[in-house]
Amino acid sequence: MGIRNARIGVLLAQLMALPDTRRRLATASLLALLAILLIAPPARAAATQDLSGEWLNSAYTFAAYKLQMSADRKTLSVTWVSKIGNIDEGLAGGFTGRLNASGTAFAGSMHIDAGSLRVNGTMIVAISSQRAFGYPLLTVSYQQDNGVGGSLTLETWLRPPRVSPGLSQPATFVFACPGPQRCQARADAQALGSGAGGKVGTVRFTINPRASRAIRLPLDKTGRALLAQRGSLRVRVLVSTLTQSLKLPSMTALGPVTFRK
């Protein structure tokens with residue numbers, strides 16, 4: 001509103017300096033412009049890209065961060081688990097933040113749990129202009145209540161699965177290989193619900209470093225039979241990393257997703 005008022009003030013000053021005849025003509029134009037400026041709402045920031053999925057700390061890829069955005073993309077939730085040194089329980093953390101007015105960052109509270117110890121604090125997840133695999137890098141800065149603070153950068157790694165309708169009923173997810181080596185992995189579809197736990201589909205794949213690809217995971221014979229019997233089938237996608245030297249999480253669960261006849 002302040003910018004619009006300043007523009008109006010400049011136009012009024014210019015109008016008063018005009019001769020009478022030109023002033024009357026300019027007044028009509030100014031009134032039309034005032035109507036546009038006063039009625040039209042201020043421009044909003046572009047819609048924030050859906051950041052839901054699995055992300056990695058670019059400098060320490062062993063720790064995976066699960067991001068989930070709300071339906072209106074105004075709230076971001078982050079959870080992570082990592083084993084550090086001799087801490088058998090590992091470090092488990094969580095964050096929930098709200099998007100700022102400019103659509104450039106989420107700010108909120110965080111917590112870190114290590115066994116029976118809990119540390120609280122604040123965190124900001126900023127959306128960088130730099131991009132990798134079609135998604136922005138995320139700059140994370142945090143400040144714990146005990147005085148410890150720091151920052152890290154996240155890049156996308158696994159995109160949530162979706163089911164594509166068709167005869168083969170494949171589930172599709174996107175795997176982005178962070179490098180520096182080729183990524184070899186396997187994805188299994190695990191049935192949920194009644195008789196849960198059985199494998200109903202599997203696929204192996206290899207992706208070059210710093211490349212990404214959509215992976216198709218169709219149901220196998222057992223899965224198709226269950227789908228025909230039940231009419232719908234909920235599955236969880238388990239992605240296992242076979243290239244251990246990459247220090248990626250050994251297994252990551254995606255989904256669930258539902259297949260329908």
# chains A, B, ... in the order shown; residues from 1 in each chain; ligands from 1
>>> select_by_dssp(residues="range 177-250 of chain A", states="strand (DSSP E)", output="PyMOL selection string")
chain A and resi 183-191+199-207+212-217+232-241
>>> write_last_selection(atoms="C-alpha atoms", output="PDB file, in the first residue's frame")
ATOM      1  CA  CYS A 183      23.410 -45.342  -7.674  1.00  0.00           C
ATOM      2  CA  GLN A 184      22.279 -48.948  -7.697  1.00  0.00           C
ATOM      3  CA  ALA A 185      19.048 -49.650  -5.872  1.00  0.00           C
ATOM      4  CA  ARG A 186      16.051 -51.939  -5.605  1.00  0.00           C
ATOM      5  CA  ALA A 187      12.423 -51.046  -4.979  1.00  0.00           C
ATOM      6  CA  ASP A 188       9.894 -53.481  -3.530  1.00  0.00           C
ATOM      7  CA  ALA A 189       6.134 -53.065  -3.237  1.00  0.00           C
ATOM      8  CA  GLN A 190       4.914 -54.430   0.102  1.00  0.00           C
ATOM      9  CA  ALA A 191       1.203 -55.171   0.565  1.00  0.00           C
ATOM     10  CA  LYS A 199       6.084 -58.563  -1.525  1.00  0.00           C
ATOM     11  CA  VAL A 200       3.871 -57.841  -4.541  1.00  0.00           C
ATOM     12  CA  GLY A 201       6.358 -56.274  -6.950  1.00  0.00           C
ATOM     13  CA  THR A 202      10.059 -55.484  -7.337  1.00  0.00           C
ATOM     14  CA  VAL A 203      12.405 -53.631  -9.692  1.00  0.00           C
ATOM     15  CA  ARG A 204      16.175 -53.024  -9.773  1.00  0.00           C
ATOM     16  CA  PHE A 205      17.694 -49.928 -11.359  1.00  0.00           C
ATOM     17  CA  THR A 206      20.952 -48.012 -11.855  1.00  0.00           C
ATOM     18  CA  ILE A 207      21.207 -44.215 -12.247  1.00  0.00           C
ATOM     19  CA  SER A 212      17.386 -38.486 -11.920  1.00  0.00           C
ATOM     20  CA  ARG A 213      14.818 -40.821 -13.421  1.00  0.00           C
ATOM     21  CA  ALA A 214      11.219 -41.874 -12.920  1.00  0.00           C
ATOM     22  CA  ILE A 215      11.159 -45.507 -11.788  1.00  0.00           C
ATOM     23  CA  ARG A 216       8.166 -47.695 -12.696  1.00  0.00           C
ATOM     24  CA  LEU A 217       7.242 -50.421 -10.215  1.00  0.00           C
ATOM     25  CA  SER A 232      -8.018 -52.213  -4.390  1.00  0.00           C
ATOM     26  CA  LEU A 233      -4.576 -52.796  -2.928  1.00  0.00           C
ATOM     27  CA  ARG A 234      -2.573 -50.504  -0.636  1.00  0.00           C
ATOM     28  CA  VAL A 235       1.185 -50.911  -0.850  1.00  0.00           C
ATOM     29  CA  ARG A 236       4.273 -49.360   0.680  1.00  0.00           C
ATOM     30  CA  VAL A 237       7.315 -48.851  -1.556  1.00  0.00           C
ATOM     31  CA  LEU A 238      10.614 -49.834   0.072  1.00  0.00           C
ATOM     32  CA  VAL A 239      13.708 -48.425  -1.664  1.00  0.00           C
ATOM     33  CA  SER A 240      16.954 -50.234  -0.767  1.00  0.00           C
ATOM     34  CA  THR A 241      20.331 -48.699  -1.619  1.00  0.00           C
TER      35      THR A 241
END
>>> atom_distance(atom1="CA of Ala132 in chain A", atom2="CA of Glu155 in chain A")
6.9 Å
>>> residues_around(residues="Thr48 in chain A", least_positions_apart="3", cutoff="12 Å", atoms="only C-alpha atoms", output="MDAnalysis selection string")
chainID A and resid 44:45 51:52 69:76 99:106 126:128 135:136
>>> write_last_selection(atoms="C-alpha atoms", output="compact mmCIF listing (two decimals), in the first residue's frame")
# COMPACT_ATOMS: atom_id res chain seq x y z
CA ARG A 44 1.16 -12.22 -4.48
CA ALA A 45 4.25 -14.39 -4.51
CA LEU A 51 8.58 -29.95 -1.54
CA SER A 52 7.18 -33.22 -0.16
CA MET A 69 3.82 -29.89 2.85
CA SER A 70 0.21 -29.13 3.76
CA ALA A 71 -2.47 -29.10 1.07
CA ASP A 72 -2.33 -25.27 0.84
CA ARG A 73 1.52 -25.39 0.79
CA LYS A 74 1.70 -22.90 3.66
CA THR A 75 3.04 -25.34 6.29
CA LEU A 76 6.15 -27.52 6.07
CA LEU A 99 5.57 -19.93 5.04
CA ASN A 100 6.43 -16.22 5.22
CA ALA A 101 4.54 -13.53 3.28
CA SER A 102 7.09 -13.45 0.45
CA GLY A 103 6.95 -17.22 -0.04
CA THR A 104 10.72 -17.64 0.43
CA ALA A 105 11.11 -19.46 3.76
CA PHE A 106 9.40 -21.49 6.48
CA ALA A 126 14.83 -21.01 3.18
CA ILE A 127 14.08 -21.77 -0.49
CA SER A 128 17.25 -21.09 -2.50
CA TYR A 135 13.83 -28.54 -7.31
CA PRO A 136 15.36 -25.72 -5.27
